[in-house]
Amino acid sequence: MKRNHSILVVDDEKTIADGLRLTLESEGYGVRTAGSVREALTAVLQGDSHAAIVDLMLPDGDGLHLTRELKRRDPAIEVIVITAYGSVRKAMEATKGAGAFHVLEKPFDPDELLGLMENALERRKLVSENADLKRRLVEQVTDTEILGSAPGIQRVLETVAAVADADANVLIVGESGTGKELLANALHERSGRRGGPWIKINCAALPKDLIESELFGHTRGAFTGATTEKVGLLEEADGGSLLLDEITEMPMDLQAKLLRVLEERMVRRLGAAKAVPVDFRLISSTNQSPEAALREGHLRQDLYFRINTVSIEVPPLRERREDIPMLVRAFLERYRTKHARPVEGIEPEAYRRLLAWSWPGNVRELQHAIERAVLVTRGPVLTLEDLPEQLQHTAREGGAGLHRCPRARSRRSSAPRSSRRWRRRDGTSRRPRRCWGCAARPCTRRCVSTASRSAGPEPAAPSA
């Protein structure tokens, strides 16, 4: 590790410079020496230095000026200033104004110098890692506003980064509340079309009799009530990106017309005599399984193949439960600031309820639960009573509603005591209970009870 660190030694006394070089090289550091400010700056141009040892008094200047110049060229470099007896007060200015790491008075112990150098390089490493973490966090929040370190969500973000700058059609699949629209925003903002229009259409929200007019536009008099000419949303997206949210809700006849637009890149308004060219990048999303939509006749197969050049499946929150503490902290800070509430944290019982809930509404449900708690709380700490009613109800029942079959209560109440235990075929243990979170037996999505038994110690409740 040390051999990867390069140290610059600047001292006009050759015996001291050589002694420092031998001491540092014996510990595995790479060392370059210089006898003046000019030589030091030339050495910096020839290669990066992770740290520097600079004498305060130099023939063509002083260590203060050199330290400032080194920090200006590389803010991460750590500088140790060495000075003779009697110049300590002046040298202390280096640590305040010039940004030196430490001032060392001559004569000094080589072991003391090595200890300072190790601390200086460790500080450089920590500062660099902290800056990199902040950069990645800002980039992540700015681009997608999706926080998470779970492998599933990280793979999603990596896919977004890989395909964002391409013009390939993207299909985003995920349950409601998982952040599909945020990922679509990231695809547009990271693409070369970010300067163009960004049009979003919710196919489920538009009335069936108006969706064609909204998409394709119409001319005056094209139908009853068309008193003016209207530009369709497909035309408005020219030069930018188009999001078709809940595309499986689009009527089948319009899916055929959309397919023709994607193939020909031409749009004809209702009542128009000729088509006009359009150039947009299509992003689609759905909360249904595409395979199920194909089987049930809600999605044309040829359109599916056209919009599914790249498919991104967003995992539900129950499959990345390790991200819940991070999301709770982020939402708590956001709404504490937004609503100007003096909230300092969450009591342990309420925090355990947040960690244990299956979150069928995913991140959106968690976000609304935190905002609701911040708004209704009467003290500086969120309590169980501040959470939504369904979380309080299952908490009072001890979580009984999360991992029990809906028929389990009636079966146990009517069956003899000796037959209440459910056993596997080998008769060695209980039969796995049906999970309300994923409706499977046994639970396949690591919901409340399975997660709590295997996740280890519970993380501490966050504080604002």
# chains A, B, ... in the order shown; residues from 1 in each chain; ligands from 1
call {"tool": "residues_around", "arguments": {"residues": "range 249-264 of chain A", "least_positions_apart": "3", "cutoff": "8 Å", "atoms": "only C-alpha atoms", "output": "ChimeraX atom specification"}}
result
/A:203-204,208,212,246,267,298-300,302-303,306
call {"tool": "select_by_dssp", "arguments": {"residues": "range 120-311 of chain A", "states": "helix (DSSP H, G or I)", "output": "PyMOL selection string"}}
result
chain A and resi 120-143+151-163+180-189+211-216+233-236+247-249+252-264+290-295+301-307
call {"tool": "select_by_dssp", "arguments": {"residues": "range 118-243 of chain A", "states": "strand (DSSP E or B)", "output": "PDB file with all heavy atoms, in the first residue's frame"}}
result
ATOM      1  N   VAL A 170     -37.313   1.621 -24.183  1.00  0.00           N
ATOM      2  CA  VAL A 170     -37.141   1.014 -22.860  1.00  0.00           C
ATOM      3  C   VAL A 170     -38.510   0.727 -22.265  1.00  0.00           C
ATOM      4  O   VAL A 170     -39.410   1.580 -22.310  1.00  0.00           O
ATOM      5  CB  VAL A 170     -36.334   1.933 -21.916  1.00  0.00           C
ATOM      6  CG1 VAL A 170     -36.206   1.305 -20.533  1.00  0.00           C
ATOM      7  CG2 VAL A 170     -34.960   2.214 -22.502  1.00  0.00           C
ATOM      8  N   LEU A 171     -38.663  -0.471 -21.705  1.00  0.00           N
ATOM      9  CA  LEU A 171     -39.877  -0.842 -20.984  1.00  0.00           C
ATOM     10  C   LEU A 171     -39.525  -1.039 -19.516  1.00  0.00           C
ATOM     11  O   LEU A 171     -38.681  -1.870 -19.178  1.00  0.00           O
ATOM     12  CB  LEU A 171     -40.477  -2.138 -21.551  1.00  0.00           C
ATOM     13  CG  LEU A 171     -41.692  -2.698 -20.799  1.00  0.00           C
ATOM     14  CD1 LEU A 171     -42.855  -1.715 -20.847  1.00  0.00           C
ATOM     15  CD2 LEU A 171     -42.102  -4.051 -21.369  1.00  0.00           C
ATOM     16  N   ILE A 172     -40.165  -0.258 -18.633  1.00  0.00           N
ATOM     17  CA  ILE A 172     -39.929  -0.331 -17.196  1.00  0.00           C
ATOM     18  C   ILE A 172     -41.106  -1.060 -16.560  1.00  0.00           C
ATOM     19  O   ILE A 172     -42.256  -0.640 -16.709  1.00  0.00           O
ATOM     20  CB  ILE A 172     -39.769   1.074 -16.585  1.00  0.00           C
ATOM     21  CG1 ILE A 172     -38.668   1.854 -17.308  1.00  0.00           C
ATOM     22  CG2 ILE A 172     -39.453   0.982 -15.098  1.00  0.00           C
ATOM     23  CD1 ILE A 172     -38.541   3.292 -16.856  1.00  0.00           C
ATOM     24  N   VAL A 173     -40.815  -2.151 -15.860  1.00  0.00           N
ATOM     25  CA  VAL A 173     -41.841  -2.980 -15.251  1.00  0.00           C
ATOM     26  C   VAL A 173     -41.655  -2.946 -13.733  1.00  0.00           C
ATOM     27  O   VAL A 173     -40.540  -3.136 -13.238  1.00  0.00           O
ATOM     28  CB  VAL A 173     -41.775  -4.431 -15.763  1.00  0.00           C
ATOM     29  CG1 VAL A 173     -42.887  -5.271 -15.141  1.00  0.00           C
ATOM     30  CG2 VAL A 173     -41.856  -4.463 -17.283  1.00  0.00           C
ATOM     31  N   TRP A 198     -39.971  16.698 -22.888  1.00  0.00           N
ATOM     32  CA  TRP A 198     -40.141  15.476 -22.103  1.00  0.00           C
ATOM     33  C   TRP A 198     -41.633  15.351 -21.828  1.00  0.00           C
ATOM     34  O   TRP A 198     -42.189  15.994 -20.954  1.00  0.00           O
ATOM     35  CB  TRP A 198     -39.325  15.569 -20.830  1.00  0.00           C
ATOM     36  CG  TRP A 198     -39.413  14.467 -19.820  1.00  0.00           C
ATOM     37  CD1 TRP A 198     -39.393  14.626 -18.464  1.00  0.00           C
ATOM     38  CD2 TRP A 198     -39.508  13.060 -20.042  1.00  0.00           C
ATOM     39  NE1 TRP A 198     -39.471  13.415 -17.832  1.00  0.00           N
ATOM     40  CE2 TRP A 198     -39.530  12.420 -18.783  1.00  0.00           C
ATOM     41  CE3 TRP A 198     -39.581  12.257 -21.186  1.00  0.00           C
ATOM     42  CZ2 TRP A 198     -39.632  11.041 -18.639  1.00  0.00           C
ATOM     43  CZ3 TRP A 198     -39.664  10.880 -21.036  1.00  0.00           C
ATOM     44  CH2 TRP A 198     -39.692  10.281 -19.780  1.00  0.00           C
ATOM     45  N   ILE A 199     -42.301  14.502 -22.624  1.00  0.00           N
ATOM     46  CA  ILE A 199     -43.749  14.372 -22.600  1.00  0.00           C
ATOM     47  C   ILE A 199     -44.120  13.088 -21.869  1.00  0.00           C
ATOM     48  O   ILE A 199     -43.605  12.006 -22.178  1.00  0.00           O
ATOM     49  CB  ILE A 199     -44.334  14.345 -24.032  1.00  0.00           C
ATOM     50  CG1 ILE A 199     -43.866  15.584 -24.817  1.00  0.00           C
ATOM     51  CG2 ILE A 199     -45.844  14.283 -23.978  1.00  0.00           C
ATOM     52  CD1 ILE A 199     -44.296  16.900 -24.219  1.00  0.00           C
ATOM     53  N   LYS A 200     -45.060  13.212 -20.900  1.00  0.00           N
ATOM     54  CA  LYS A 200     -45.520  12.053 -20.132  1.00  0.00           C
ATOM     55  C   LYS A 200     -47.018  11.872 -20.350  1.00  0.00           C
ATOM     56  O   LYS A 200     -47.782  12.835 -20.246  1.00  0.00           O
ATOM     57  CB  LYS A 200     -45.243  12.259 -18.635  1.00  0.00           C
ATOM     58  CG  LYS A 200     -43.779  12.503 -18.304  1.00  0.00           C
ATOM     59  CD  LYS A 200     -43.595  12.757 -16.811  1.00  0.00           C
ATOM     60  CE  LYS A 200     -42.148  13.085 -16.479  1.00  0.00           C
ATOM     61  NZ  LYS A 200     -41.955  13.338 -15.031  1.00  0.00           N
ATOM     62  N   ILE A 201     -47.403  10.641 -20.641  1.00  0.00           N
ATOM     63  CA  ILE A 201     -48.816  10.324 -20.882  1.00  0.00           C
ATOM     64  C   ILE A 201     -49.191   9.150 -20.002  1.00  0.00           C
ATOM     65  O   ILE A 201     -48.577   8.081 -20.082  1.00  0.00           O
ATOM     66  CB  ILE A 201     -49.057   9.959 -22.365  1.00  0.00           C
ATOM     67  CG1 ILE A 201     -48.571  11.082 -23.285  1.00  0.00           C
ATOM     68  CG2 ILE A 201     -50.530   9.659 -22.610  1.00  0.00           C
ATOM     69  CD1 ILE A 201     -48.626  10.720 -24.759  1.00  0.00           C
ATOM     70  N   ASN A 202     -50.200   9.344 -19.162  1.00  0.00           N
ATOM     71  CA  ASN A 202     -50.740   8.263 -18.352  1.00  0.00           C
ATOM     72  C   ASN A 202     -51.912   7.658 -19.112  1.00  0.00           C
ATOM     73  O   ASN A 202     -53.004   8.221 -19.158  1.00  0.00           O
ATOM     74  CB  ASN A 202     -51.191   8.774 -16.985  1.00  0.00           C
ATOM     75  CG  ASN A 202     -51.568   7.649 -16.042  1.00  0.00           C
ATOM     76  OD1 ASN A 202     -51.877   6.538 -16.471  1.00  0.00           O
ATOM     77  ND2 ASN A 202     -51.540   7.932 -14.751  1.00  0.00           N
ATOM     78  N   GLY A 217     -53.498  14.114 -32.044  1.00  0.00           N
ATOM     79  CA  GLY A 217     -53.950  15.440 -32.421  1.00  0.00           C
ATOM     80  C   GLY A 217     -55.086  15.380 -33.415  1.00  0.00           C
ATOM     81  O   GLY A 217     -55.490  14.306 -33.876  1.00  0.00           O
ATOM     82  N   HIS A 218     -55.631  16.544 -33.795  1.00  0.00           N
ATOM     83  CA  HIS A 218     -56.727  16.569 -34.759  1.00  0.00           C
ATOM     84  C   HIS A 218     -56.765  17.922 -35.460  1.00  0.00           C
ATOM     85  O   HIS A 218     -56.185  18.903 -34.978  1.00  0.00           O
ATOM     86  CB  HIS A 218     -58.076  16.287 -34.087  1.00  0.00           C
ATOM     87  CG  HIS A 218     -58.428  17.293 -33.020  1.00  0.00           C
ATOM     88  ND1 HIS A 218     -58.288  17.040 -31.682  1.00  0.00           N
ATOM     89  CD2 HIS A 218     -58.915  18.574 -33.100  1.00  0.00           C
ATOM     90  CE1 HIS A 218     -58.667  18.080 -30.983  1.00  0.00           C
ATOM     91  NE2 HIS A 218     -59.054  19.033 -31.823  1.00  0.00           N
ATOM     92  N   LYS A 230     -55.509  20.886 -33.027  1.00  0.00           N
ATOM     93  CA  LYS A 230     -54.761  20.471 -31.849  1.00  0.00           C
ATOM     94  C   LYS A 230     -53.561  19.636 -32.260  1.00  0.00           C
ATOM     95  O   LYS A 230     -53.677  18.704 -33.064  1.00  0.00           O
ATOM     96  CB  LYS A 230     -55.646  19.651 -30.901  1.00  0.00           C
ATOM     97  CG  LYS A 230     -54.905  19.084 -29.688  1.00  0.00           C
ATOM     98  CD  LYS A 230     -55.829  18.312 -28.779  1.00  0.00           C
ATOM     99  CE  LYS A 230     -55.047  17.630 -27.654  1.00  0.00           C
ATOM    100  NZ  LYS A 230     -54.264  18.593 -26.852  1.00  0.00           N
ATOM    101  N   VAL A 231     -52.393  19.966 -31.684  1.00  0.00           N
ATOM    102  CA  VAL A 231     -51.172  19.187 -31.895  1.00  0.00           C
ATOM    103  C   VAL A 231     -51.154  18.038 -30.893  1.00  0.00           C
ATOM    104  O   VAL A 231     -51.344  18.243 -29.694  1.00  0.00           O
ATOM    105  CB  VAL A 231     -49.920  20.054 -31.724  1.00  0.00           C
ATOM    106  CG1 VAL A 231     -48.662  19.209 -31.894  1.00  0.00           C
ATOM    107  CG2 VAL A 231     -49.930  21.196 -32.726  1.00  0.00           C
ATOM    108  N   SER A 241     -38.194  13.020 -25.613  1.00  0.00           N
ATOM    109  CA  SER A 241     -38.554  11.679 -25.137  1.00  0.00           C
ATOM    110  C   SER A 241     -40.038  11.643 -24.803  1.00  0.00           C
ATOM    111  O   SER A 241     -40.635  12.657 -24.432  1.00  0.00           O
ATOM    112  CB  SER A 241     -37.738  11.301 -23.891  1.00  0.00           C
ATOM    113  OG  SER A 241     -36.347  11.366 -24.153  1.00  0.00           O
ATOM    114  N   LEU A 242     -40.618  10.441 -24.909  1.00  0.00           N
ATOM    115  CA  LEU A 242     -42.038  10.241 -24.648  1.00  0.00           C
ATOM    116  C   LEU A 242     -42.197   9.089 -23.672  1.00  0.00           C
ATOM    117  O   LEU A 242     -41.666   8.001 -23.890  1.00  0.00           O
ATOM    118  CB  LEU A 242     -42.782   9.928 -25.946  1.00  0.00           C
ATOM    119  CG  LEU A 242     -44.247   9.500 -25.823  1.00  0.00           C
ATOM    120  CD1 LEU A 242     -45.101  10.678 -25.346  1.00  0.00           C
ATOM    121  CD2 LEU A 242     -44.764   8.971 -27.153  1.00  0.00           C
ATOM    122  N   LEU A 243     -42.927   9.328 -22.570  1.00  0.00           N
ATOM    123  CA  LEU A 243     -43.219   8.284 -21.589  1.00  0.00           C
ATOM    124  C   LEU A 243     -44.681   7.894 -21.717  1.00  0.00           C
ATOM    125  O   LEU A 243     -45.576   8.725 -21.558  1.00  0.00           O
ATOM    126  CB  LEU A 243     -42.948   8.774 -20.169  1.00  0.00           C
ATOM    127  CG  LEU A 243     -43.443   7.852 -19.040  1.00  0.00           C
ATOM    128  CD1 LEU A 243     -42.727   6.505 -19.090  1.00  0.00           C
ATOM    129  CD2 LEU A 243     -43.258   8.509 -17.677  1.00  0.00           C
TER     130      LEU A 243
END
call {"tool": "closest_atom_pairs", "arguments": {"of": "range 352-390 of chain A", "to": "range 327-330 of chain A", "cutoff": "9 Å", "atoms": "only C-alpha atoms", "output": "CSV"}}
result
residue,atom,partner,partner_atom,distance
A:Leu354,CA,A:Val328,CA,8.5
A:Val363,CA,A:Leu327,CA,8.2
A:Leu366,CA,A:Val328,CA,7.7
A:Gln367,CA,A:Val328,CA,7.9
A:Ile370,CA,A:Val328,CA,7.3
call {"tool": "write_last_selection", "arguments": {"atoms": "all heavy atoms", "output": "CSV table (one decimal), in the first residue's frame"}}
result
chain,number,residue,atom,x,y,z
A,354,LEU,N,-41.9,0.2,11.2
A,354,LEU,CA,-41.5,0.5,9.8
A,354,LEU,C,-40.7,-0.5,9.2
A,354,LEU,O,-40.8,-0.8,8.0
A,354,LEU,CB,-40.8,1.9,9.8
A,354,LEU,CG,-41.6,3.1,10.2
A,354,LEU,CD1,-40.7,4.3,10.4
A,354,LEU,CD2,-42.7,3.4,9.2
A,363,VAL,N,-42.2,2.1,-2.1
A,363,VAL,CA,-41.5,3.4,-1.6
A,363,VAL,C,-42.5,4.5,-1.4
A,363,VAL,O,-42.4,5.3,-0.5
A,363,VAL,CB,-40.4,3.7,-2.5
A,363,VAL,CG1,-39.7,5.0,-2.0
A,363,VAL,CG2,-39.4,2.6,-2.6
A,366,LEU,N,-44.2,4.2,1.9
A,366,LEU,CA,-43.3,4.6,3.0
A,366,LEU,C,-43.1,6.1,3.1
A,366,LEU,O,-43.1,6.7,4.1
A,366,LEU,CB,-41.9,3.9,2.8
A,366,LEU,CG,-40.8,4.3,3.7
A,366,LEU,CD1,-41.1,4.0,5.2
A,366,LEU,CD2,-39.5,3.6,3.3
A,367,GLN,N,-43.0,6.7,1.9
A,367,GLN,CA,-42.8,8.1,1.8
A,367,GLN,C,-44.1,8.8,2.4
A,367,GLN,O,-43.9,9.8,3.2
A,367,GLN,CB,-42.7,8.6,0.4
A,367,GLN,CG,-42.5,10.0,0.1
A,367,GLN,CD,-42.4,10.4,-1.3
A,367,GLN,OE1,-42.2,9.5,-2.2
A,367,GLN,NE2,-42.5,11.6,-1.7
A,370,ILE,N,-44.2,8.5,6.3
A,370,ILE,CA,-43.3,9.4,7.1
A,370,ILE,C,-43.8,10.8,7.0
A,370,ILE,O,-43.7,11.5,8.1
A,370,ILE,CB,-41.8,9.3,6.4
A,370,ILE,CG1,-41.3,7.9,6.6
A,370,ILE,CG2,-40.9,10.3,7.1
A,370,ILE,CD1,-41.1,7.4,8.0
call {"tool": "closest_residue", "arguments": {"among": "A:Pro197, A:Gly239, A:Pro59, A:Pro462", "to": "Ile324 in chain A", "atoms": "only C-alpha atoms"}}
result
A:Pro462
call {"tool": "atom_distance", "arguments": {"atom1": "CA of Leu382 in chain A", "atom2": "CA of Ile346 in chain A"}}
result
4.5 Å
call {"tool": "decode", "arguments": {"residues": "range 300-311 of chain A", "atoms": "all heavy atoms", "output": "tab-separated table (two decimals), in the first residue's frame"}}
result
chain	number	residue	atom	x	y	z
A	300	ARG	N	-50.63	-5.94	-27.33
A	300	ARG	CA	-50.32	-6.61	-28.60
A	300	ARG	C	-48.90	-7.17	-28.56
A	300	ARG	O	-47.98	-6.50	-28.08
A	300	ARG	CB	-50.45	-5.63	-29.76
A	300	ARG	CG	-51.87	-5.17	-30.06
A	300	ARG	CD	-51.84	-4.13	-31.16
A	300	ARG	NE	-51.24	-4.64	-32.38
A	300	ARG	CZ	-51.92	-5.08	-33.44
A	300	ARG	NH1	-53.25	-5.08	-33.42
A	300	ARG	NH2	-51.30	-5.51	-34.51
A	301	GLN	N	-48.75	-8.36	-29.11
A	301	GLN	CA	-47.44	-8.99	-29.09
A	301	GLN	C	-46.44	-8.23	-29.95
A	301	GLN	O	-45.28	-8.03	-29.56
A	301	GLN	CB	-47.54	-10.44	-29.55
A	301	GLN	CG	-46.23	-11.23	-29.37
A	301	GLN	CD	-46.39	-12.67	-29.76
A	301	GLN	OE1	-46.97	-12.98	-30.81
A	301	GLN	NE2	-45.90	-13.58	-28.93
A	302	ASP	N	-46.86	-7.75	-31.13
A	302	ASP	CA	-45.93	-7.03	-32.01
A	302	ASP	C	-45.51	-5.70	-31.39
A	302	ASP	O	-44.36	-5.28	-31.52
A	302	ASP	CB	-46.54	-6.82	-33.39
A	302	ASP	CG	-47.98	-6.30	-33.33
A	302	ASP	OD1	-48.46	-6.03	-32.21
A	302	ASP	OD2	-48.61	-6.17	-34.39
A	303	LEU	N	-46.44	-5.04	-30.69
A	303	LEU	CA	-46.07	-3.80	-30.01
A	303	LEU	C	-45.12	-4.09	-28.85
A	303	LEU	O	-44.17	-3.32	-28.61
A	303	LEU	CB	-47.33	-3.09	-29.51
A	303	LEU	CG	-47.09	-1.79	-28.74
A	303	LEU	CD1	-46.41	-0.75	-29.62
A	303	LEU	CD2	-48.40	-1.24	-28.18
A	304	TYR	N	-45.38	-5.19	-28.14
A	304	TYR	CA	-44.50	-5.55	-27.02
A	304	TYR	C	-43.06	-5.73	-27.49
A	304	TYR	O	-42.12	-5.24	-26.86
A	304	TYR	CB	-45.02	-6.83	-26.37
A	304	TYR	CG	-44.07	-7.42	-25.34
A	304	TYR	CD1	-43.81	-6.75	-24.15
A	304	TYR	CD2	-43.45	-8.64	-25.57
A	304	TYR	CE1	-42.94	-7.29	-23.21
A	304	TYR	CE2	-42.59	-9.18	-24.63
A	304	TYR	CZ	-42.33	-8.51	-23.45
A	304	TYR	OH	-41.47	-9.04	-22.53
A	305	PHE	N	-42.86	-6.42	-28.60
A	305	PHE	CA	-41.51	-6.61	-29.11
A	305	PHE	C	-40.87	-5.30	-29.54
A	305	PHE	O	-39.66	-5.12	-29.46
A	305	PHE	CB	-41.53	-7.60	-30.29
A	305	PHE	CG	-41.87	-9.00	-29.88
A	305	PHE	CD1	-42.70	-9.79	-30.67
A	305	PHE	CD2	-41.38	-9.54	-28.70
A	305	PHE	CE1	-43.02	-11.09	-30.29
A	305	PHE	CE2	-41.70	-10.83	-28.30
A	305	PHE	CZ	-42.52	-11.60	-29.10
A	306	ARG	N	-41.71	-4.36	-29.99
A	306	ARG	CA	-41.18	-3.07	-30.45
A	306	ARG	C	-40.74	-2.19	-29.28
A	306	ARG	O	-39.72	-1.52	-29.36
A	306	ARG	CB	-42.25	-2.35	-31.28
A	306	ARG	CG	-41.90	-0.95	-31.70
A	306	ARG	CD	-40.76	-0.90	-32.68
A	306	ARG	NE	-41.12	-1.47	-33.98
A	306	ARG	CZ	-40.35	-1.43	-35.04
A	306	ARG	NH1	-39.17	-0.83	-34.97
A	306	ARG	NH2	-40.72	-1.99	-36.18
A	307	ILE	N	-41.51	-2.19	-28.19
A	307	ILE	CA	-41.19	-1.30	-27.07
A	307	ILE	C	-40.22	-1.93	-26.09
A	307	ILE	O	-39.73	-1.27	-25.17
A	307	ILE	CB	-42.47	-0.90	-26.31
A	307	ILE	CG1	-43.11	-2.11	-25.63
A	307	ILE	CG2	-43.46	-0.21	-27.25
A	307	ILE	CD1	-44.33	-1.79	-24.80
A	308	ASN	N	-39.91	-3.21	-26.25
A	308	ASN	CA	-39.13	-3.95	-25.26
A	308	ASN	C	-37.70	-4.18	-25.72
A	308	ASN	O	-37.14	-5.25	-25.49
A	308	ASN	CB	-39.83	-5.29	-24.97
A	308	ASN	CG	-39.20	-6.00	-23.78
A	308	ASN	OD1	-38.75	-5.35	-22.84
A	308	ASN	ND2	-39.17	-7.31	-23.81
A	309	THR	N	-37.10	-3.19	-26.36
A	309	THR	CA	-35.68	-3.33	-26.73
A	309	THR	C	-34.83	-3.53	-25.49
A	309	THR	O	-33.96	-4.40	-25.44
A	309	THR	CB	-35.20	-2.08	-27.50
A	309	THR	OG1	-36.06	-1.86	-28.61
A	309	THR	CG2	-33.77	-2.25	-27.97
A	310	VAL	N	-35.08	-2.73	-24.46
A	310	VAL	CA	-34.42	-2.89	-23.16
A	310	VAL	C	-35.52	-2.96	-22.11
A	310	VAL	O	-36.41	-2.10	-22.08
A	310	VAL	CB	-33.46	-1.72	-22.85
A	310	VAL	CG1	-32.84	-1.90	-21.47
A	310	VAL	CG2	-32.37	-1.62	-23.91
A	311	SER	N	-35.47	-3.97	-21.26
A	311	SER	CA	-36.45	-4.13	-20.20
A	311	SER	C	-35.78	-3.92	-18.85
A	311	SER	O	-34.71	-4.47	-18.59
A	311	SER	CB	-37.09	-5.52	-20.25
A	311	SER	OG	-38.04	-5.67	-19.23
